[in-house]
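The structure file protein_37.txt is reproduced below (compact mmCIF, C-alpha atoms).
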```
# COMPACT_ATOMS: atom_id res chain seq x y z
CA MET A 201 93.06 -28.08 84.13
CA SER A 202 89.65 -26.56 84.52
CA ALA A 203 87.51 -26.49 81.39
CA LYS A 204 88.17 -22.75 81.09
CA GLY A 205 91.91 -23.22 81.56
CA ALA A 206 91.99 -26.05 79.01
CA ASP A 207 90.19 -23.90 76.45
CA TYR A 208 92.69 -21.05 76.90
CA HIS A 209 95.57 -23.56 76.75
CA LYS A 210 94.36 -24.97 73.43
CA ARG A 211 93.86 -21.54 71.87
CA LEU A 212 97.17 -20.17 73.17
CA THR A 213 99.04 -23.26 71.91
CA GLU A 214 97.57 -22.70 68.46
CA PHE A 215 98.54 -19.02 68.62
CA MET A 216 102.11 -19.93 69.57
CA VAL A 217 102.50 -22.52 66.81
CA GLU A 218 100.71 -20.64 64.04
CA HIS A 219 101.82 -17.09 64.75
CA VAL A 220 104.47 -16.58 67.45
CA PHE A 221 107.13 -19.11 66.39
CA PRO A 222 106.91 -18.04 62.73
CA ALA A 223 107.38 -14.41 63.87
CA GLU A 224 110.70 -15.10 65.60
CA LYS A 225 112.72 -14.85 62.39
CA SER A 226 111.21 -11.47 61.49
CA TYR A 227 111.74 -10.25 65.07
CA ASP A 228 115.42 -11.24 65.08
CA GLU A 229 116.07 -9.80 61.63
CA TYR A 230 114.52 -6.47 62.59
CA ARG A 231 116.57 -6.25 65.77
CA ALA A 232 119.79 -7.22 64.02
CA ALA A 233 119.25 -4.55 61.38
CA ALA A 234 118.26 -1.90 63.95
CA GLY A 235 121.27 -2.57 66.18
CA PRO A 236 121.60 -2.86 69.96
CA ALA A 237 121.06 0.86 70.61
CA ASP A 238 117.62 0.88 68.98
CA PHE A 239 114.83 -0.04 71.41
CA THR A 240 111.86 0.39 69.10
CA VAL A 241 109.55 -2.59 69.00
CA PRO A 242 109.75 -4.77 65.89
CA PRO A 243 106.50 -4.25 63.93
CA VAL A 244 105.66 -7.95 64.06
CA VAL A 245 105.04 -7.66 67.82
CA GLU A 246 102.34 -5.03 67.34
CA GLU A 247 100.78 -7.22 64.67
CA LEU A 248 100.72 -10.15 67.08
CA LYS A 249 99.16 -7.98 69.81
CA VAL A 250 96.26 -7.09 67.54
CA ARG A 251 95.74 -10.74 66.63
CA ALA A 252 96.00 -11.94 70.24
CA ARG A 253 93.52 -9.38 71.47
CA GLY A 254 91.09 -10.37 68.75
CA LEU A 255 91.39 -13.98 69.91
CA GLY A 256 90.70 -13.07 73.53
CA LEU A 257 94.27 -13.94 74.56
CA TRP A 258 94.86 -10.72 76.46
CA ASN A 259 95.80 -9.71 80.04
CA LEU A 260 95.59 -13.33 81.15
CA PHE A 261 97.83 -12.65 84.15
CA LEU A 262 95.33 -10.44 86.00
CA PRO A 263 92.42 -12.36 87.57
CA SER A 264 90.19 -9.28 87.62
CA GLU A 265 90.58 -8.99 83.83
CA SER A 266 90.75 -12.61 82.68
CA GLY A 267 88.79 -14.40 85.39
CA LEU A 268 91.63 -16.94 85.56
CA THR A 269 93.10 -18.11 88.86
CA ASN A 270 96.87 -18.17 89.35
CA LEU A 271 96.75 -21.95 89.01
CA GLU A 272 94.86 -21.68 85.71
CA TYR A 273 97.30 -19.03 84.47
CA ALA A 274 100.41 -21.09 85.30
CA PRO A 275 100.37 -23.43 82.25
CA LEU A 276 99.50 -20.46 80.02
CA ALA A 277 102.50 -18.46 81.25
CA GLU A 278 104.58 -21.60 80.70
CA LEU A 279 103.53 -21.65 77.05
CA THR A 280 104.71 -18.06 76.60
CA GLY A 281 108.06 -19.08 78.10
CA TRP A 282 108.73 -21.02 74.91
CA SER A 283 109.24 -17.65 73.22
CA THR A 284 109.99 -15.23 76.03
CA GLU A 285 111.04 -12.27 73.90
CA ILE A 286 107.79 -12.18 71.92
CA ALA A 287 104.92 -14.18 73.40
CA PRO A 288 104.46 -12.48 76.80
CA GLU A 289 104.22 -9.04 75.21
CA ALA A 290 102.04 -10.34 72.38
CA ILE A 291 99.34 -11.21 74.94
CA ASN A 292 100.09 -8.19 77.20
CA CYS A 293 101.56 -10.38 79.93
CA ALA A 294 105.16 -9.16 79.90
CA ALA A 295 107.25 -7.99 82.83
CA PRO A 296 107.66 -5.40 84.21
CA ASP A 297 104.29 -4.20 82.95
CA THR A 298 102.44 -7.07 84.63
CA GLY A 299 103.83 -6.19 88.05
CA ASN A 300 103.20 -2.51 87.48
CA MET A 301 99.63 -3.14 86.37
CA GLU A 302 99.10 -5.31 89.45
CA THR A 303 100.46 -2.47 91.59
CA LEU A 304 98.23 0.14 89.98
CA HIS A 305 95.23 -2.18 90.23
CA LEU A 306 95.79 -2.61 93.97
CA PHE A 307 97.05 0.78 95.11
CA ALA A 308 96.34 3.50 92.55
CA THR A 309 93.65 6.14 92.87
CA GLU A 310 90.88 6.29 90.30
CA GLN A 311 92.66 9.12 88.51
CA GLN A 312 95.96 7.22 88.49
CA ARG A 313 94.22 4.11 87.12
CA LYS A 314 92.53 6.10 84.39
CA GLN A 315 95.73 7.86 83.37
CA TRP A 316 98.14 4.91 83.52
CA LEU A 317 96.49 1.54 84.18
CA GLU A 318 93.92 1.76 81.40
CA PRO A 319 96.45 2.42 78.59
CA LEU A 320 98.71 -0.31 80.01
CA LEU A 321 95.85 -2.81 80.00
CA ALA A 322 95.12 -1.75 76.42
CA GLY A 323 98.75 -2.37 75.43
CA GLU A 324 99.10 1.22 74.22
CA ILE A 325 102.08 2.16 76.41
CA ARG A 326 104.75 0.45 78.48
CA SER A 327 106.09 1.11 81.97
CA ALA A 328 109.14 0.49 84.16
CA PHE A 329 109.85 -0.23 87.83
CA SER A 330 112.71 1.84 89.25
CA MET A 331 114.03 0.38 92.50
CA THR A 332 117.56 -1.03 92.20
CA GLU A 333 120.53 1.30 92.72
CA PRO A 334 124.17 0.83 91.66
CA ALA A 335 125.64 2.26 94.86
CA VAL A 336 123.94 -0.07 97.36
CA ALA A 337 122.94 -3.72 97.74
CA SER A 338 119.32 -3.31 96.71
CA SER A 339 118.31 -6.84 97.68
CA ASP A 340 117.92 -5.15 101.07
CA ALA A 341 115.48 -2.39 100.11
CA ARG A 342 116.27 -0.55 103.36
CA ASN A 343 119.56 0.45 101.68
CA ILE A 344 117.87 2.46 98.93
CA GLN A 345 119.13 6.04 98.96
CA THR A 346 116.93 7.81 96.40
CA GLU A 347 115.14 10.66 98.14
CA ILE A 348 111.49 11.58 97.66
CA VAL A 349 110.89 14.71 99.71
CA ARG A 350 108.19 17.36 99.96
CA ASP A 351 109.01 20.68 98.37
CA ALA A 352 109.92 23.01 101.24
CA SER A 353 108.21 25.92 99.47
CA GLY A 354 104.83 24.46 100.35
CA SER A 355 103.73 23.65 96.80
CA GLY A 356 102.81 20.14 97.83
CA ASP A 357 105.02 18.64 95.13
CA TYR A 358 107.57 15.90 95.75
CA ILE A 359 111.19 16.36 94.66
CA ILE A 360 113.07 13.20 93.64
CA ASN A 361 116.85 12.82 93.59
CA GLY A 362 118.63 9.53 93.03
CA HIS A 363 120.54 7.15 90.81
CA LYS A 364 118.92 3.90 89.64
CA TRP A 365 119.82 1.08 87.29
CA TRP A 366 118.15 -2.10 86.00
CA THR A 367 115.02 -0.03 85.45
CA SER A 368 113.89 -2.60 82.92
CA GLY A 369 111.76 -1.32 80.06
CA ALA A 370 112.62 2.37 80.41
CA ASN A 371 114.66 2.50 77.18
CA ASP A 372 111.64 1.49 75.10
CA PRO A 373 110.22 4.66 73.48
CA ARG A 374 106.74 3.41 74.39
CA CYS A 375 107.61 3.58 78.12
CA LYS A 376 105.60 6.50 79.50
CA ILE A 377 105.55 5.93 83.27
CA LEU A 378 108.07 4.93 85.95
CA ILE A 379 107.17 3.57 89.37
CA VAL A 380 109.99 4.88 91.56
CA MET A 381 110.85 3.62 95.04
CA GLY A 382 112.68 5.99 97.36
CA ARG A 383 113.00 7.25 100.90
CA THR A 384 110.43 9.71 102.17
CA ASN A 385 111.25 9.60 105.88
CA ALA A 386 114.68 8.54 107.13
CA GLU A 387 113.49 8.84 110.75
CA ALA A 388 110.64 6.33 110.45
CA ALA A 389 110.84 2.64 111.36
CA SER A 390 113.07 0.76 108.92
CA HIS A 391 110.18 -0.72 106.91
CA GLN A 392 108.25 2.56 106.80
CA GLN A 393 110.93 4.82 105.36
CA GLN A 394 110.27 4.03 101.71
CA SER A 395 107.44 5.08 99.41
CA MET A 396 106.53 4.65 95.74
CA ILE A 397 105.64 7.43 93.36
CA LEU A 398 104.60 7.70 89.71
CA VAL A 399 106.99 9.61 87.46
CA PRO A 400 106.18 10.20 83.77
CA THR A 401 109.29 9.55 81.68
CA ASP A 402 109.11 13.01 80.08
CA THR A 403 109.32 14.80 83.44
CA PRO A 404 112.19 17.34 83.53
CA GLY A 405 115.18 15.92 85.38
CA VAL A 406 114.60 12.29 84.36
CA LYS A 407 117.79 11.29 82.54
CA ILE A 408 117.96 7.83 80.98
CA LEU A 409 121.69 7.24 80.53
CA ARG A 410 122.04 3.80 78.95
CA SER A 411 120.81 0.23 78.89
CA THR A 412 122.86 -2.37 80.75
CA SER A 413 123.50 -5.54 78.74
CA VAL A 414 122.97 -9.09 80.01
CA PHE A 415 125.89 -11.32 78.96
CA GLY A 416 126.51 -8.92 76.08
CA TRP A 417 122.90 -9.00 74.88
CA GLN A 418 120.68 -5.94 74.85
CA ASP A 419 117.06 -6.54 75.77
CA GLN A 420 114.63 -4.98 73.29
CA HIS A 421 113.06 -2.87 76.06
CA GLY A 422 116.38 -2.08 77.74
CA HIS A 423 117.60 -2.26 81.33
CA ALA A 424 118.01 1.44 81.99
CA GLU A 425 120.38 3.37 84.18
CA VAL A 426 118.45 6.46 85.27
CA ILE A 427 119.35 9.69 87.04
CA TYR A 428 116.61 11.60 88.88
CA ASP A 429 117.89 15.15 89.17
CA ASN A 430 115.48 17.39 91.12
CA VAL A 431 112.52 15.71 89.45
CA ARG A 432 109.31 17.41 90.51
CA VAL A 433 105.95 15.60 90.49
CA PRO A 434 102.67 16.50 92.20
CA ALA A 435 101.72 14.90 95.50
CA ALA A 436 98.83 13.22 93.68
CA ASN A 437 101.41 10.93 92.04
CA LEU A 438 102.19 9.18 95.32
CA LEU A 439 101.04 5.56 95.41
CA ALA A 440 98.85 4.88 98.46
CA GLU A 441 100.51 6.62 101.43
CA GLU A 442 103.97 7.64 102.55
CA GLY A 443 105.85 4.76 104.14
CA MET A 444 104.01 2.04 102.22
CA GLY A 445 106.84 1.29 99.79
CA PHE A 446 107.70 -2.07 101.37
CA ALA A 447 104.10 -3.21 101.54
CA ILE A 448 103.54 -2.26 97.90
CA ALA A 449 106.78 -3.99 96.87
CA GLN A 450 105.74 -7.23 98.54
CA ALA A 451 102.30 -7.12 96.94
CA ARG A 452 103.93 -6.45 93.57
CA LEU A 453 106.71 -9.00 93.77
CA GLY A 454 104.64 -11.98 94.94
CA PRO A 455 102.74 -12.56 91.68
CA GLY A 456 105.62 -11.17 89.61
CA ARG A 457 108.09 -13.71 90.98
CA ILE A 458 105.84 -16.67 90.34
CA HIS A 459 105.02 -15.47 86.81
CA HIS A 460 108.75 -15.44 86.02
CA CYS A 461 108.96 -18.99 87.36
CA MET A 462 106.04 -20.15 85.24
CA ARG A 463 107.77 -18.82 82.13
CA ALA A 464 111.09 -20.35 83.19
CA ILE A 465 109.49 -23.78 83.00
CA GLY A 466 108.50 -23.07 79.38
CA VAL A 467 112.04 -21.91 78.63
CA ALA A 468 113.38 -25.17 80.04
CA GLU A 469 110.86 -27.19 78.01
CA ARG A 470 112.10 -25.54 74.80
CA ALA A 471 115.71 -26.24 75.75
CA LEU A 472 114.86 -29.89 76.42
CA ALA A 473 113.05 -30.19 73.08
CA LEU A 474 116.11 -28.76 71.30
CA MET A 475 118.42 -31.08 73.24
CA ALA A 476 116.37 -34.19 72.41
CA GLU A 477 116.21 -33.27 68.71
CA ARG A 478 119.94 -32.63 68.59
CA ALA A 479 120.56 -35.98 70.28
CA ARG A 480 118.39 -37.76 67.72
CA THR A 481 120.08 -36.24 64.68
CA ARG A 482 123.73 -35.69 65.65
CA ILE A 483 126.16 -38.55 65.03
CA ALA A 484 129.27 -38.95 67.19
CA PHE A 485 131.57 -41.95 67.45
CA GLY A 486 129.51 -43.86 64.96
CA LYS A 487 126.06 -43.51 66.50
CA PRO A 488 123.47 -40.85 67.38
CA LEU A 489 124.08 -38.87 70.56
CA ALA A 490 120.73 -40.25 71.73
CA GLU A 491 122.38 -43.64 72.11
CA GLN A 492 125.18 -42.26 74.30
CA GLY A 493 124.49 -43.07 77.94
CA VAL A 494 125.73 -39.71 79.23
CA VAL A 495 123.36 -37.83 76.92
CA GLN A 496 120.45 -40.03 77.94
CA GLN A 497 121.28 -39.20 81.55
CA GLN A 498 121.22 -35.46 80.80
CA ILE A 499 117.86 -35.72 79.04
CA ALA A 500 116.29 -37.82 81.80
CA LEU A 501 117.59 -35.57 84.55
CA SER A 502 116.22 -32.53 82.74
CA ARG A 503 112.76 -34.08 82.46
CA ASN A 504 112.77 -34.91 86.17
CA GLU A 505 113.83 -31.41 87.19
CA ILE A 506 111.29 -29.66 84.95
CA ASP A 507 108.37 -31.72 86.21
CA GLN A 508 109.42 -31.26 89.84
CA ALA A 509 109.66 -27.49 89.39
CA ARG A 510 106.30 -27.34 87.65
CA LEU A 511 104.55 -29.10 90.54
CA LEU A 512 106.14 -26.77 93.10
CA CYS A 513 105.13 -23.76 91.00
CA GLU A 514 101.55 -25.00 90.75
CA LYS A 515 101.45 -25.62 94.50
CA ALA A 516 102.55 -22.03 95.11
CA ALA A 517 99.97 -20.72 92.62
CA TRP A 518 97.22 -22.81 94.25
CA THR A 519 98.18 -21.50 97.68
CA ILE A 520 97.99 -17.89 96.47
CA ASP A 521 94.51 -18.60 95.11
CA GLN A 522 93.29 -20.32 98.26
CA HIS A 523 95.03 -18.37 101.02
CA GLY A 524 96.61 -15.21 99.57
CA ASN A 525 100.12 -13.93 98.87
CA LYS A 526 101.17 -13.80 102.53
CA GLU A 527 100.38 -17.45 103.20
CA ALA A 528 102.19 -18.46 100.00
CA ARG A 529 105.33 -16.39 100.56
CA ASN A 530 107.56 -19.32 101.55
CA LEU A 531 106.39 -21.39 98.59
CA VAL A 532 107.01 -18.44 96.28
CA ALA A 533 110.50 -18.13 97.76
CA GLN A 534 111.05 -21.84 97.13
CA ILE A 535 110.01 -21.76 93.49
CA LYS A 536 111.92 -18.51 92.87
CA ALA A 537 115.07 -20.27 94.10
CA VAL A 538 114.28 -23.51 92.24
CA ALA A 539 112.94 -22.51 88.80
CA PRO A 540 115.78 -20.28 87.50
CA GLN A 541 118.42 -22.75 88.70
CA MET A 542 116.50 -25.60 87.08
CA ALA A 543 116.23 -23.67 83.80
CA CYS A 544 119.95 -22.87 83.88
CA ASN A 545 120.73 -26.55 84.45
CA VAL A 546 118.59 -27.73 81.55
CA ILE A 547 119.81 -25.04 79.16
CA ASP A 548 123.43 -25.74 80.13
CA ARG A 549 122.98 -29.43 79.27
CA ALA A 550 121.35 -28.49 75.98
CA ILE A 551 124.29 -26.20 75.16
CA GLN A 552 126.70 -29.05 75.89
CA VAL A 553 124.82 -31.44 73.61
CA HIS A 554 124.85 -28.79 70.85
CA GLY A 555 128.62 -28.39 71.17
CA GLY A 556 130.03 -25.25 69.56
CA GLY A 557 126.66 -24.39 68.10
CA GLY A 558 125.21 -24.15 71.60
CA VAL A 559 127.27 -21.10 72.54
CA SER A 560 126.65 -19.34 69.22
CA ASP A 561 123.73 -17.25 68.05
CA ASP A 562 122.82 -19.95 65.51
CA PHE A 563 120.69 -21.44 68.28
CA PRO A 564 118.69 -19.56 70.94
CA LEU A 565 120.28 -21.40 73.87
CA ALA A 566 122.99 -18.89 74.79
CA ARG A 567 120.48 -16.04 74.89
CA MET A 568 118.04 -18.16 76.87
CA TYR A 569 120.76 -19.02 79.38
CA GLY A 570 121.74 -15.39 79.89
CA TRP A 571 118.25 -14.30 80.95
CA GLN A 572 117.62 -17.31 83.20
CA ARG A 573 120.99 -16.77 84.87
CA ALA A 574 120.06 -13.13 85.46
CA MET A 575 116.78 -14.32 86.98
CA ARG A 576 118.79 -15.85 89.84
CA ILE A 577 119.57 -12.25 90.85
CA PHE A 578 116.55 -10.08 90.04
CA ASP A 579 113.37 -10.12 92.14
CA GLY A 580 115.58 -11.14 95.03
CA PRO A 581 118.79 -13.18 94.64
CA ASP A 582 118.81 -16.90 95.39
CA GLU A 583 120.57 -16.32 98.69
CA VAL A 584 117.81 -14.06 100.03
CA HIS A 585 115.11 -16.58 99.16
CA MET A 586 117.12 -19.45 100.61
CA ARG A 587 117.56 -17.51 103.84
CA SER A 588 113.80 -16.96 104.03
CA ILE A 589 113.14 -20.65 103.43
CA ALA A 590 115.64 -21.68 106.11
CA ARG A 591 114.23 -19.24 108.66
CA ALA A 592 110.72 -20.52 108.03
CA GLU A 593 111.88 -24.12 108.45
CA ILE A 594 113.81 -23.41 111.64
CA GLY A 595 110.86 -21.50 113.09
CA ARG A 596 108.24 -24.05 112.07
CA GLU A 597 106.22 -25.66 114.83
CA GLN A 598 107.30 -29.27 115.08
CA SER A 599 104.94 -32.01 114.03
CA ALA A 600 104.22 -34.88 116.40
CA LEU A 601 106.62 -37.04 114.41
CA ALA A 602 109.42 -34.47 114.47
CA ALA A 603 108.97 -33.94 118.20
CA ALA A 604 109.11 -37.69 118.79
CA VAL A 605 112.36 -38.26 116.91
CA THR A 606 114.08 -35.13 118.22
CA GLY A 607 113.08 -35.73 121.81
CA THR A 608 111.49 -32.29 122.27
```
Represent the structure from my file as structure tokens, please.
Amino acid sequence: MSAKGADYHKRLTEFMVEHVFPAEKSYDEYRAAAGPADFTVPPVVEELKVRARGLGLWNLFLPSESGLTNLEYAPLAELTGWSTEIAPEAINCAAPDTGNMETLHLFATEQQRKQWLEPLLAGEIRSAFSMTEPAVASSDARNIQTEIVRDASGSGDYIINGHKWWTSGANDPRCKILIVMGRTNAEAASHQQQSMILVPTDTPGVKILRSTSVFGWQDQHGHAEVIYDNVRVPAANLLAEEGMGFAIAQARLGPGRIHHCMRAIGVAERALALMAERARTRIAFGKPLAEQGVVQQQIALSRNEIDQARLLCEKAAWTIDQHGNKEARNLVAQIKAVAPQMACNVIDRAIQVHGGGGVSDDFPLARMYGWQRAMRIFDGPDEVHMRSIARAEIGREQSALAAAVTGT
């Protein structure tokens, strides 16, 4: 680590140990008492935000705010992965707000930044990204059917009609703005048909129907199903220009994907720590599980996989820093395919070592598994990333060695 990165790592570790982990019990108790239909933030999170901001642990994900490179941020995001429901938001580095703030930073007008980016950076509001649709395979964004069309009366407004789901964060009462992706020109080239537009959540016609659960668990911020019924917003709410939806999405998803992967490594580290402790203390067939060869194999394999994934993640982060998102796209695809699968593998082994307790809510493993399994679908499913990786490999210019052994 750089000296700056090491200093942040030390301070964030102390914050996690002294404040975040002790807050987990209060967080869970509040949510259990409130019930799955209540998406208000537990008060302890707002308390942690105030403390984190006072410690300078704030907006670490955005280089223009923190001065940290992606490589310096990677181990910090990993630390927050140890407590994914609390820590990222406590330091204002939680998805989908991070991706939305990145988008606004890159593409918003000065007025849009003032109205929406500034309160997001201050942690005063939350936001949501509305892209996925239940009626089409949204991993191919060309399928998206939501319409964003100019008002024919000449007012200059845009009218939005569509049906979205997995609009994560929109159920939270603090969510004030939606970034909506939809079709503005069906006659344009396939990658120039879509645009993005800013829609305040209180706009008439925005109907938040429900939050979709993940393996039976409701996220505190919700994964909203949303209807846009003749929603009218001014033309000034358009992000950048018409037809730039794909370009904006790629700029947004590059850092967002790798941030998820950084946190996934922290999730896996927590699962491994729980697995090792369980192995040390649980007796079966007359000796600790730690002395059982099969359990030792599971622990060793988990350590190998975590460290391999971390190095690939850091390589992708370094490449973004040195050469930009476009040059790093294949590495980001690799780590997006690798990290969630790795985390699922490690958590699954930890569940097995915990026995019946592993699938219960007495331990955090089942909840951890659910989100990491979902991560193999959102921000592009594994299959899409694997296809990109394969195409890049097949199209790669052969090295002298490869040409020699293939006879080409």
#### Entry: Who sits within 12 Å of region 560-570 of chain A, all atoms listed in the file, same chain under 3 positions skipped, as a PyMOL selection string
chain A and resi 224-225+228+232+281-285+413-419+463-475+478+540-557+573-577
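Here CA of Asp357 (chain A) and CA of Leu438 (chain A) stand 9.9 Å from one another.
Taking all atoms listed in the file into account, Leu304 (chain A) lies nearest to A:Asn437 out of the set A:Thr213, A:Ser338, A:Asn437, A:Ser588.
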### Ala295 (chain A) environment, 9 Å, only C-alpha atoms, sequence neighbours closer than 5 positions dropped, as a list in words
Pro288, Glu289, Asn300, Ala328, Ser368, Gly369, Gly456, His459 and His460 of chain A
Same residues, C-alpha atoms, saved as a PDB file, keeping the file's coordinate frame:
```
ATOM      1  CA  PRO A 288     104.460 -12.480  76.800  1.00  0.00           C
ATOM      2  CA  GLU A 289     104.220  -9.040  75.210  1.00  0.00           C
ATOM      3  CA  ASN A 300     103.200  -2.510  87.480  1.00  0.00           C
ATOM      4  CA  ALA A 328     109.140   0.490  84.160  1.00  0.00           C
ATOM      5  CA  SER A 368     113.890  -2.600  82.920  1.00  0.00           C
ATOM      6  CA  GLY A 369     111.760  -1.320  80.060  1.00  0.00           C
ATOM      7  CA  GLY A 456     105.620 -11.170  89.610  1.00  0.00           C
ATOM      8  CA  HIS A 459     105.020 -15.470  86.810  1.00  0.00           C
ATOM      9  CA  HIS A 460     108.750 -15.440  86.020  1.00  0.00           C
TER      10      HIS A 460
END
```
#### Entry: Using only C-alpha atoms: which of A:Val241, A:Ala484, A:Ala322, A:Ile448 has the shortest distance to Pro373 (chain A)
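Closest to Pro373 (chain A), using only C-alpha atoms: A:Val241.
If all atoms listed in the file are the atoms counted, then among A:Glu347, A:Val538, A:Ser599, A:Met381 the closest residue to Gln508 (chain A) is A:Val538.
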Generate a file for region 423-437 of chain A, containing N, CA and C atoms, as a short mmCIF file (atom, residue, chain, number, x, y, z; two decimals), in the first residue's frame.
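Now in selection-v1.cif:
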```cif
data_model
loop_
_atom_site.label_atom_id
_atom_site.label_comp_id
_atom_site.auth_asym_id
_atom_site.auth_seq_id
_atom_site.Cartn_x
_atom_site.Cartn_y
_atom_site.Cartn_z
N HIS A 423 -35.47 -3.60 -3.31
CA HIS A 423 -35.21 -3.81 -4.74
C HIS A 423 -36.56 -3.60 -5.44
N ALA A 424 -36.80 -2.38 -5.86
CA ALA A 424 -38.16 -1.95 -6.20
C ALA A 424 -38.60 -2.39 -7.60
N GLU A 425 -39.88 -2.74 -7.67
CA GLU A 425 -40.59 -2.83 -8.94
C GLU A 425 -41.30 -1.50 -9.13
N VAL A 426 -41.10 -0.88 -10.30
CA VAL A 426 -41.57 0.49 -10.51
C VAL A 426 -42.33 0.58 -11.84
N ILE A 427 -43.47 1.25 -11.80
CA ILE A 427 -44.21 1.59 -13.01
C ILE A 427 -44.01 3.07 -13.29
N TYR A 428 -43.69 3.40 -14.55
CA TYR A 428 -43.63 4.78 -15.00
C TYR A 428 -44.83 5.00 -15.93
N ASP A 429 -45.81 5.72 -15.44
CA ASP A 429 -47.07 5.89 -16.15
C ASP A 429 -47.22 7.35 -16.57
N ASN A 430 -46.86 7.63 -17.83
CA ASN A 430 -46.92 9.01 -18.34
C ASN A 430 -46.21 10.00 -17.42
N VAL A 431 -45.02 9.62 -17.01
CA VAL A 431 -44.21 10.47 -16.13
C VAL A 431 -43.61 11.60 -16.95
N ARG A 432 -43.82 12.80 -16.53
CA ARG A 432 -43.36 13.98 -17.28
C ARG A 432 -42.21 14.65 -16.51
N VAL A 433 -41.08 14.82 -17.19
CA VAL A 433 -39.95 15.56 -16.61
C VAL A 433 -39.42 16.52 -17.66
N PRO A 434 -38.82 17.62 -17.25
CA PRO A 434 -38.30 18.59 -18.22
C PRO A 434 -37.11 18.05 -18.98
N ALA A 435 -36.90 18.59 -20.17
CA ALA A 435 -35.78 18.16 -21.01
C ALA A 435 -34.44 18.36 -20.31
N ALA A 436 -34.39 19.31 -19.39
CA ALA A 436 -33.15 19.58 -18.65
C ALA A 436 -32.73 18.40 -17.78
N ASN A 437 -33.63 17.43 -17.59
CA ASN A 437 -33.30 16.26 -16.77
C ASN A 437 -32.55 15.18 -17.53
#
```
